[in-house]
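Asker: Input start_4.cif, format and content: mmCIF, C-alpha atoms.
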```cif
data_target
loop_
_atom_site.label_atom_id
_atom_site.label_comp_id
_atom_site.auth_asym_id
_atom_site.auth_seq_id
_atom_site.Cartn_x
_atom_site.Cartn_y
_atom_site.Cartn_z
CA MET Z 1 -35.92 35.20 9.58
CA MET Z 2 -32.40 36.49 10.21
CA GLY Z 3 -31.79 33.49 12.45
CA GLN Z 4 -32.65 31.14 9.63
CA VAL Z 5 -30.34 32.86 7.17
CA TYR Z 6 -27.58 32.69 9.76
CA LEU Z 7 -28.21 28.98 10.32
CA THR Z 8 -27.99 28.10 6.60
CA LEU Z 9 -24.85 30.15 6.30
CA MET Z 10 -23.26 28.32 9.21
CA LYS Z 11 -24.26 24.98 7.72
CA LYS Z 12 -22.63 25.89 4.43
CA LEU Z 13 -19.49 27.08 6.17
CA THR Z 14 -19.28 23.84 8.12
CA ILE Z 15 -19.55 21.82 4.93
CA ILE Z 16 -16.85 23.91 3.27
CA PHE Z 17 -14.65 23.48 6.32
CA LEU Z 18 -15.18 19.71 6.34
CA LEU Z 19 -14.26 19.52 2.65
CA PHE Z 20 -10.90 21.05 3.35
CA ALA Z 21 -10.37 19.58 6.80
CA ASN Z 22 -8.42 16.68 5.38
CA THR Z 23 -5.75 18.90 3.88
CA LEU Z 24 -5.78 21.35 6.76
CA PHE Z 25 -4.95 18.66 9.28
CA ALA Z 26 -2.22 17.02 7.23
CA ILE Z 27 0.24 19.83 7.86
CA ASP Z 28 3.21 19.01 9.98
CA ILE Z 29 6.38 20.95 10.44
CA HIS Z 30 9.75 19.77 9.22
CA GLU Z 31 12.67 22.11 9.09
CA PHE Z 32 15.29 21.85 6.39
CA GLU Z 33 18.65 23.51 6.01
CA THR Z 34 18.36 24.35 2.35
CA GLU Z 35 15.65 25.35 -0.09
CA GLN Z 36 16.57 22.36 -2.26
CA GLN Z 37 15.83 19.98 0.63
CA ARG Z 38 12.46 21.61 1.17
CA LEU Z 39 11.66 21.19 -2.54
CA ASP Z 40 12.83 17.56 -2.47
CA TYR Z 41 10.53 16.92 0.47
CA GLN Z 42 7.60 18.53 -1.28
CA GLN Z 43 8.11 16.60 -4.52
CA LEU Z 44 8.73 13.27 -2.80
CA THR Z 45 5.69 13.41 -0.54
CA GLU Z 46 3.58 14.34 -3.54
CA GLU Z 47 4.66 11.38 -5.63
CA LEU Z 48 4.64 8.71 -2.94
CA ARG Z 49 1.37 6.89 -2.49
CA CYS Z 50 -0.29 6.54 0.88
CA LEU Z 51 -0.71 2.76 1.06
CA VAL Z 52 -3.67 2.68 3.41
CA CYS Z 53 -5.66 5.32 1.49
CA GLN Z 54 -4.66 4.34 -1.99
CA ASN Z 55 -5.85 7.32 -3.98
CA GLN Z 56 -3.96 9.88 -1.96
CA ASN Z 57 -0.31 10.73 -1.83
CA ILE Z 58 1.43 10.89 1.52
CA ALA Z 59 1.52 14.70 1.40
CA ASP Z 60 -2.28 14.91 1.47
CA SER Z 61 -3.07 12.09 3.83
CA ASP Z 62 -3.66 12.25 7.54
CA ALA Z 63 -3.33 8.49 8.01
CA GLY Z 64 -0.86 7.29 10.63
CA LEU Z 65 1.33 5.50 8.14
CA ALA Z 66 1.45 8.56 5.85
CA LYS Z 67 2.64 10.65 8.77
CA ASP Z 68 5.35 8.10 9.57
CA LEU Z 69 6.47 8.02 5.96
CA ARG Z 70 6.58 11.83 5.79
CA ARG Z 71 8.73 11.86 8.91
CA GLU Z 72 10.98 9.20 7.39
CA VAL Z 73 11.31 11.18 4.13
CA ALA Z 74 12.21 14.33 6.10
CA LYS Z 75 14.78 12.40 8.12
CA LEU Z 76 16.43 10.90 5.04
CA ILE Z 77 16.55 14.29 3.32
CA SER Z 78 18.20 15.84 6.36
CA GLN Z 79 20.75 13.03 6.23
CA GLY Z 80 21.64 14.23 2.75
CA GLN Z 81 19.96 11.58 0.60
CA ASP Z 82 18.67 12.61 -2.82
CA GLN Z 83 15.25 11.96 -4.34
CA GLN Z 84 16.35 8.85 -6.18
CA GLN Z 85 17.83 7.25 -3.08
CA ILE Z 86 14.71 7.93 -1.05
CA THR Z 87 12.41 6.65 -3.77
CA SER Z 88 14.33 3.39 -3.97
CA TYR Z 89 14.28 3.18 -0.16
CA MET Z 90 10.47 3.25 -0.33
CA VAL Z 91 10.25 0.90 -3.33
CA ASP Z 92 12.50 -1.64 -1.55
CA ARG Z 93 10.01 -1.78 1.30
CA TYR Z 94 6.63 -1.22 -0.33
CA GLY Z 95 7.17 -2.14 -3.98
CA ASP Z 96 6.52 -0.08 -7.11
CA PHE Z 97 2.98 0.52 -5.95
CA VAL Z 98 4.25 3.21 -3.59
CA ARG Z 99 5.16 5.39 -6.59
CA TYR Z 100 2.59 7.33 -8.53
CA SER Z 101 4.76 7.20 -11.65
CA PRO Z 102 5.67 3.57 -12.30
CA PRO Z 103 9.08 2.82 -13.85
CA ILE Z 104 9.18 1.99 -17.57
CA ARG Z 105 9.72 -1.77 -17.75
CA ILE Z 106 8.47 -4.63 -19.88
CA ASP Z 107 5.55 -5.33 -17.56
CA THR Z 108 4.57 -1.67 -17.30
CA ILE Z 109 5.16 -0.63 -20.92
CA VAL Z 110 1.45 -1.05 -21.74
CA LEU Z 111 0.64 1.65 -19.17
CA TRP Z 112 2.92 4.11 -20.88
CA VAL Z 113 2.35 3.25 -24.53
CA MET Z 114 -1.41 2.61 -24.51
CA PRO Z 115 -2.58 6.24 -24.10
CA LEU Z 116 -0.27 7.42 -26.90
CA LEU Z 117 -1.42 4.60 -29.13
CA VAL Z 118 -5.08 5.40 -28.51
CA LEU Z 119 -4.38 9.08 -29.18
CA PHE Z 120 -2.72 8.29 -32.53
CA ILE Z 121 -5.50 5.97 -33.65
CA ALA Z 122 -8.16 8.48 -32.61
CA THR Z 123 -6.41 11.33 -34.45
CA PHE Z 124 -6.10 9.15 -37.54
CA ILE Z 125 -9.81 8.29 -37.50
CA VAL Z 126 -10.86 11.91 -36.91
CA ILE Z 127 -8.70 13.23 -39.77
CA ARG Z 128 -9.97 10.56 -42.13
CA THR Z 129 -13.58 11.26 -41.24
CA ILE Z 130 -13.16 15.00 -41.71
CA LYS Z 131 -11.54 14.49 -45.13
CA LYS Z 132 -14.29 12.12 -46.19
CA ASN Z 133 -17.00 14.53 -45.09
CA ALA Z 134 -15.30 17.41 -46.88
CA LYS Z 135 -15.23 15.37 -50.05
CA ILE Z 136 -18.91 14.51 -49.75
CA THR Z 137 -19.83 18.17 -49.18
CA GLU Z 138 -17.75 19.17 -52.19
CA GLU Z 139 -19.46 16.61 -54.38
CA SER Z 140 -22.94 17.65 -53.28
CA ASN Z 141 -22.04 21.30 -53.85
CA GLU Z 142 -21.00 20.50 -57.40
CA LEU Z 143 -24.39 18.98 -58.04
CA MET G 1 -19.77 -6.52 -48.77
CA ASN G 2 -17.38 -8.52 -46.60
CA LYS G 3 -15.50 -5.36 -45.71
CA THR G 4 -18.60 -3.64 -44.35
CA ILE G 5 -19.39 -6.60 -42.11
CA ILE G 6 -15.86 -6.58 -40.70
CA LYS G 7 -16.05 -2.84 -40.15
CA ALA G 8 -19.35 -3.17 -38.37
CA LEU G 9 -17.90 -5.82 -36.09
CA ILE G 10 -14.98 -3.70 -34.88
CA PRO G 11 -16.92 -1.78 -32.21
CA LEU G 12 -18.40 -5.04 -30.95
CA ALA G 13 -14.93 -6.56 -30.72
CA ILE G 14 -13.64 -3.56 -28.79
CA PHE G 15 -16.66 -3.75 -26.52
CA LEU G 16 -16.12 -7.45 -25.79
CA LEU G 17 -12.43 -6.82 -25.11
CA LEU G 18 -13.37 -4.12 -22.60
CA VAL G 19 -15.92 -6.42 -20.97
CA VAL G 20 -13.29 -9.11 -20.46
CA LEU G 21 -10.77 -6.57 -19.14
CA LEU G 22 -13.17 -4.93 -16.71
CA TYR G 23 -14.72 -8.24 -15.62
CA ASN G 24 -11.26 -9.41 -14.62
CA GLY G 25 -10.88 -6.37 -12.40
CA LEU G 26 -14.20 -6.97 -10.65
CA GLY G 27 -14.07 -8.41 -7.18
CA LYS G 28 -10.32 -8.12 -7.03
CA ASN G 29 -9.06 -7.09 -3.62
CA THR G 30 -7.04 -3.97 -4.35
CA ARG G 31 -5.86 -3.86 -0.76
CA LEU G 32 -3.74 -6.97 -1.30
CA LEU G 33 -0.40 -5.64 -2.42
CA PRO G 34 2.43 -7.97 -3.27
CA SER G 35 5.19 -7.64 -0.72
CA ALA G 36 8.43 -6.27 -2.07
CA LEU G 37 10.31 -8.23 0.57
CA ILE G 38 9.39 -11.83 -0.28
CA GLY G 39 12.62 -13.75 -0.85
CA LYS G 40 14.69 -11.10 0.89
CA SER G 41 16.31 -11.04 4.31
CA ILE G 42 14.51 -9.44 7.20
CA PRO G 43 15.72 -5.91 7.95
CA LYS G 44 18.30 -5.23 10.64
CA PHE G 45 16.76 -4.25 13.95
CA SER G 46 17.29 -4.32 17.67
CA LEU G 47 14.11 -3.91 19.64
CA PRO G 48 13.19 -4.28 23.31
CA SER G 49 11.13 -7.28 24.30
CA LEU G 50 7.75 -6.77 25.90
CA MET G 51 8.21 -9.85 28.07
CA THR G 52 11.86 -9.70 29.20
CA ASP G 53 14.51 -7.04 29.76
CA LYS G 54 16.56 -8.27 26.83
CA ASN G 55 16.75 -6.72 23.40
CA ILE G 56 15.86 -8.84 20.41
CA SER G 57 17.79 -8.37 17.17
CA ASN G 58 17.23 -9.80 13.70
CA LYS G 59 20.05 -12.26 14.42
CA THR G 60 18.55 -13.52 17.68
CA LEU G 61 15.64 -15.02 15.78
CA ASN G 62 17.72 -16.79 13.10
CA GLY G 63 18.22 -20.52 13.22
CA HIS G 64 14.63 -21.66 13.02
CA MET G 65 11.54 -20.93 10.98
CA TYR G 66 8.94 -18.75 12.68
CA LEU G 67 5.87 -16.60 12.22
CA LEU G 68 6.11 -12.90 12.97
CA ASN G 69 2.69 -11.45 13.70
CA VAL G 70 2.32 -7.65 13.58
CA TRP G 71 -0.35 -6.62 16.07
CA ALA G 72 -1.49 -3.80 18.34
CA SER G 73 -4.04 -3.37 21.09
CA TRP G 74 -5.74 -0.60 19.06
CA CYS G 75 -6.30 -2.91 16.10
CA PRO G 76 -9.78 -4.47 15.98
CA ASN G 77 -8.84 -7.10 13.38
CA CYS G 78 -6.02 -8.30 15.62
CA ARG G 79 -8.66 -9.22 18.15
CA ILE G 80 -10.54 -11.13 15.46
CA GLU G 81 -7.48 -13.15 14.42
CA HIS G 82 -6.23 -13.67 17.97
CA PRO G 83 -7.95 -17.07 18.54
CA MET G 84 -6.45 -18.25 15.24
CA ILE G 85 -2.93 -17.18 16.29
CA THR G 86 -3.46 -18.82 19.67
CA GLU G 87 -4.60 -22.08 18.10
CA PHE G 88 -1.68 -22.09 15.67
CA ALA G 89 0.83 -21.43 18.46
CA ARG G 90 -0.72 -24.22 20.56
CA GLN G 91 -0.05 -26.75 17.78
CA ASN G 92 3.71 -26.09 18.15
CA ILE G 93 4.41 -26.32 14.43
CA ILE G 94 6.77 -23.35 14.47
CA PRO G 95 7.19 -20.61 17.10
CA VAL G 96 5.17 -17.43 16.81
CA TYR G 97 6.68 -14.06 17.62
CA GLY G 98 4.78 -10.83 17.94
CA LEU G 99 5.72 -7.37 16.70
CA ASN G 100 3.79 -4.92 18.84
CA TYR G 101 3.27 -2.10 16.34
CA LYS G 102 2.83 1.54 17.43
CA ASP G 103 1.31 0.61 20.75
CA THR G 104 2.06 1.39 24.37
CA ASP G 105 3.52 -1.26 26.65
CA ALA G 106 0.81 -0.81 29.25
CA GLU G 107 -2.04 -1.24 26.81
CA ALA G 108 -0.32 -4.13 25.03
CA LYS G 109 0.11 -5.93 28.34
CA ARG G 110 -3.47 -5.31 29.33
CA TRP G 111 -4.62 -6.69 25.98
CA LEU G 112 -2.53 -9.84 26.45
CA GLN G 113 -3.84 -10.31 29.96
CA GLN G 114 -7.38 -10.10 28.69
CA PHE G 115 -7.07 -12.33 25.62
CA GLY G 116 -4.03 -14.49 26.44
CA ASN G 117 -0.47 -14.43 25.17
CA PRO G 118 0.28 -16.91 22.37
CA TYR G 119 3.69 -15.42 21.53
CA ASN G 120 7.11 -16.90 22.31
CA ASP G 121 8.36 -13.36 22.61
CA ILE G 122 7.20 -9.91 21.56
CA LEU G 123 9.23 -7.17 19.89
CA VAL G 124 8.22 -3.63 20.75
CA ASP G 125 8.14 -1.20 17.83
CA ILE G 126 6.75 1.95 19.41
CA ASP G 127 7.34 4.43 16.58
CA GLY G 128 6.69 1.97 13.75
CA LEU G 129 10.15 2.43 12.20
CA VAL G 130 10.93 -1.29 12.06
CA GLY G 131 7.42 -1.68 10.68
CA ILE G 132 8.40 0.57 7.77
CA ASP G 133 11.51 -1.56 7.19
CA PHE G 134 9.25 -4.61 7.03
CA GLY G 135 6.94 -2.82 4.56
CA VAL G 136 4.07 -2.98 7.04
CA TYR G 137 1.15 -0.79 6.09
CA GLY G 138 -1.35 -1.81 8.71
CA ALA G 139 -1.94 -4.33 11.46
CA PRO G 140 -2.47 -7.23 11.41
CA GLU G 141 0.14 -8.61 9.07
CA THR G 142 1.90 -11.94 9.40
CA PHE G 143 5.31 -12.89 7.99
CA LEU G 144 6.69 -16.38 7.54
CA ILE G 145 10.45 -16.24 8.03
CA ASP G 146 12.80 -19.17 7.44
CA ALA G 147 15.83 -20.30 9.45
CA LYS G 148 18.16 -18.08 7.43
CA GLY G 149 16.07 -15.01 8.14
CA ILE G 150 14.52 -14.81 4.67
CA ILE G 151 10.91 -13.68 4.35
CA ARG G 152 9.02 -16.46 2.59
CA HIS G 153 5.45 -15.29 2.78
CA LYS G 154 3.28 -12.47 4.03
CA ILE G 155 -0.39 -12.36 4.96
CA VAL G 156 -1.98 -8.91 4.94
CA GLY G 157 -4.97 -8.81 7.27
CA GLU G 158 -6.10 -11.57 9.57
CA LEU G 159 -4.74 -15.07 9.64
CA ASN G 160 -7.74 -17.33 9.02
CA PRO G 161 -8.33 -21.06 8.44
CA GLN G 162 -8.22 -20.55 4.64
CA ASN G 163 -4.94 -18.72 4.32
CA LEU G 164 -3.39 -20.88 7.03
CA LYS G 165 -4.28 -24.06 5.13
CA ASN G 166 -3.67 -22.78 1.60
CA GLU G 167 -0.70 -20.49 2.12
CA ILE G 168 1.12 -20.76 5.44
CA LEU G 169 1.18 -24.54 5.97
CA PRO G 170 2.33 -25.40 2.39
CA MET G 171 5.02 -22.71 2.65
CA ILE G 172 6.23 -24.14 5.96
CA ASP G 173 6.58 -27.56 4.32
CA LYS G 174 8.32 -26.08 1.34
CA TYR G 175 10.96 -24.06 3.20
CA LYS G 176 11.50 -26.13 6.32
#
```
Would you kindly transcribe this structure into structure tokens?

Answerer:
Amino acid sequence: MMGQVYLTLMKKLTIIFLLFANTLFAIDIHEFETEQQRLDYQQLTEELRCLVCQNQNIADSDAGLAKDLRREVAKLISQGQDQQQITSYMVDRYGDFVRYSPPIRIDTIVLWVMPLLVLFIATFIVIRTIKKNAKITEESNEL
Amino acid sequence: MNKTIIKALIPLAIFLLLVVLLYNGLGKNTRLLPSALIGKSIPKFSLPSLMTDKNISNKTLNGHMYLLNVWASWCPNCRIEHPMITEFARQNIIPVYGLNYKDTDAEAKRWLQQFGNPYNDILVDIDGLVGIDFGVYGAPETFLIDAKGIIRHKIVGELNPQNLKNEILPMIDKYK
């Protein structure tokens, strides 16, 4: 009986471990001179896309290329480059796709404007419907 | 009366629009990313050769059009495309160079001994840094580079009869 309970517990623990294994293994050590550099590194690796595992950023990924790109980011930061310089370094090589936040340009404007537009239209419809319903309730109350 | 019909049709219109939009996305290969380097010069590099003692730089290769094939002994798809690369090199249309990507010399040489060496020369990029400069995100990848050192085309994944006929050969004619 106890053995069985122990076994299920171990199974659950293994599953939990496997769920987090990906992030656990993606830790590598880079040393920076200043706190600002460390922050730059953190922000950059979080907003650069891992190109071989497209729905992860390079901070979270354990893929070989992600590791290389992290090392490259760390190296460039240590050389004194700022976030913008490093981002354009990556975009020059891998295109805009490497960024999680695409630049605002004519061909990407739909991406940025669409959600706002949908939000406005939805709000408009909701407000109108509520007003209409209120009016109907009022009228039926008067009866 | 007319107004109600139009109103009733709005959801249908939105639905059809979505269908068209989503249908377009179906079956698209999201792994195929446009290269940021098409039309640009190859990056500066100086790499050891796997076959000689000499270093090869970006300038060494200028002067003629060539294919640069990114490969590694650990890459299963490189093995799949290898007969295709060999056949293309045998036809002597343009020279084929290899970029041995994140490999070890010993294993690369063993691989070539086993499957044959179709390359005019092979650049060794052990840490993958030149690969990053080329925007490589996995092997195999193949670049078509013209005599001035400008990247004209890039194949992500294996070279096969289709992309050779439809992409590489027309591009060679166009930029030769």

Asker: Residues of chain Z within 10 Å of chain G, counting all atoms listed in the file - could you list those as a list in words?

Answerer: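 Close enough to count are Cys50, Leu51, Val52, Cys53, Gln54, Gly64, Leu65, Ala66, Asp68, Leu69, Glu72, Tyr89, Met90, Val91, Asp92, Arg93, Tyr94, Gly95, Asp96 and Phe97 of chain Z.
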
Asker: Write a file of the selected residues as a compact mmCIF listing (two decimals), in the coordinates of the input, keeping C-alpha atoms.

Answerer:
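This is the output file result_16.txt:
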```
# COMPACT_ATOMS: atom_id res chain seq x y z
CA CYS Z 50 -0.29 6.54 0.88
CA LEU Z 51 -0.71 2.76 1.06
CA VAL Z 52 -3.67 2.68 3.41
CA CYS Z 53 -5.66 5.32 1.49
CA GLN Z 54 -4.66 4.34 -1.99
CA GLY Z 64 -0.86 7.29 10.63
CA LEU Z 65 1.33 5.50 8.14
CA ALA Z 66 1.45 8.56 5.85
CA ASP Z 68 5.35 8.10 9.57
CA LEU Z 69 6.47 8.02 5.96
CA GLU Z 72 10.98 9.20 7.39
CA TYR Z 89 14.28 3.18 -0.16
CA MET Z 90 10.47 3.25 -0.33
CA VAL Z 91 10.25 0.90 -3.33
CA ASP Z 92 12.50 -1.64 -1.55
CA ARG Z 93 10.01 -1.78 1.30
CA TYR Z 94 6.63 -1.22 -0.33
CA GLY Z 95 7.17 -2.14 -3.98
CA ASP Z 96 6.52 -0.08 -7.11
CA PHE Z 97 2.98 0.52 -5.95
```

Asker: So what do you get for CA of Lys132 (chain Z) versus CA of Leu119 (chain Z), distance-wise?

Answerer: 19.9 Å

Asker: As a check of understanding, name the residues that the PyMOL selection byres ((chain G and resi 49-64) around 9) selects in the supplied structure, as a PyMOL selection string.

Answerer: chain G and resi 42-48+65-66+94-95+100+105+108-109+121-124+145-149+176

Asker: Counting all atoms listed in the file, figure out which residue out of Z:Glu31, Z:Arg38, Z:Tyr100, Z:Leu76 gets nearest to Asn55 (chain Z).

Answerer: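 Distance minimum relative to Asn55 (chain Z) lands on Z:Tyr100.
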
Asker: Care to translate the PyMOL selection byres ((chain Z and resi 58) around 6) into actual residues of this file, as a PDB file with C-alpha atoms, in the frame of the given file?

Answerer:
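The resulting selection_29.pdb:
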```pdb
ATOM      1  CA  THR Z  45       5.690  13.410  -0.540  1.00  0.00           C
ATOM      2  CA  LEU Z  48       4.640   8.710  -2.940  1.00  0.00           C
ATOM      3  CA  ARG Z  49       1.370   6.890  -2.490  1.00  0.00           C
ATOM      4  CA  CYS Z  50      -0.290   6.540   0.880  1.00  0.00           C
ATOM      5  CA  ASN Z  57      -0.310  10.730  -1.830  1.00  0.00           C
ATOM      6  CA  ALA Z  59       1.520  14.700   1.400  1.00  0.00           C
ATOM      7  CA  ASP Z  60      -2.280  14.910   1.470  1.00  0.00           C
ATOM      8  CA  SER Z  61      -3.070  12.090   3.830  1.00  0.00           C
ATOM      9  CA  ALA Z  66       1.450   8.560   5.850  1.00  0.00           C
TER      10      ALA Z  66
END
```

Asker: Measure the distance from CA of Phe88 (chain G) to CA of Leu68 (chain G) in Å and round it to one decimal.

Answerer: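 Computing the Euclidean distance for CA of Phe88 (chain G) and CA of Leu68 (chain G) yields 12.3 Å.
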
Asker: Taking (10.1, 17.2, 2.8) in the file's coordinates, which residues come within 9 Å, counting all atoms listed in the file, written as a list in words?

Answerer: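 The requested residues, written out, are His30, Glu31, Phe32, Gln37, Arg38, Leu39, Asp40, Tyr41, Gln42, Gln43, Leu44, Thr45, Arg70, Arg71, Val73, Ala74, Lys75, Ile77 and Ser78 of chain Z.
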
Asker: Quick one: distance from CA of Lys67 (chain Z) to CA of Ser73 (chain G) in Å, one decimal?

Answerer: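 Spanning CA of Lys67 (chain Z) to CA of Ser73 (chain G) is a straight-line distance of 19.8 Å.
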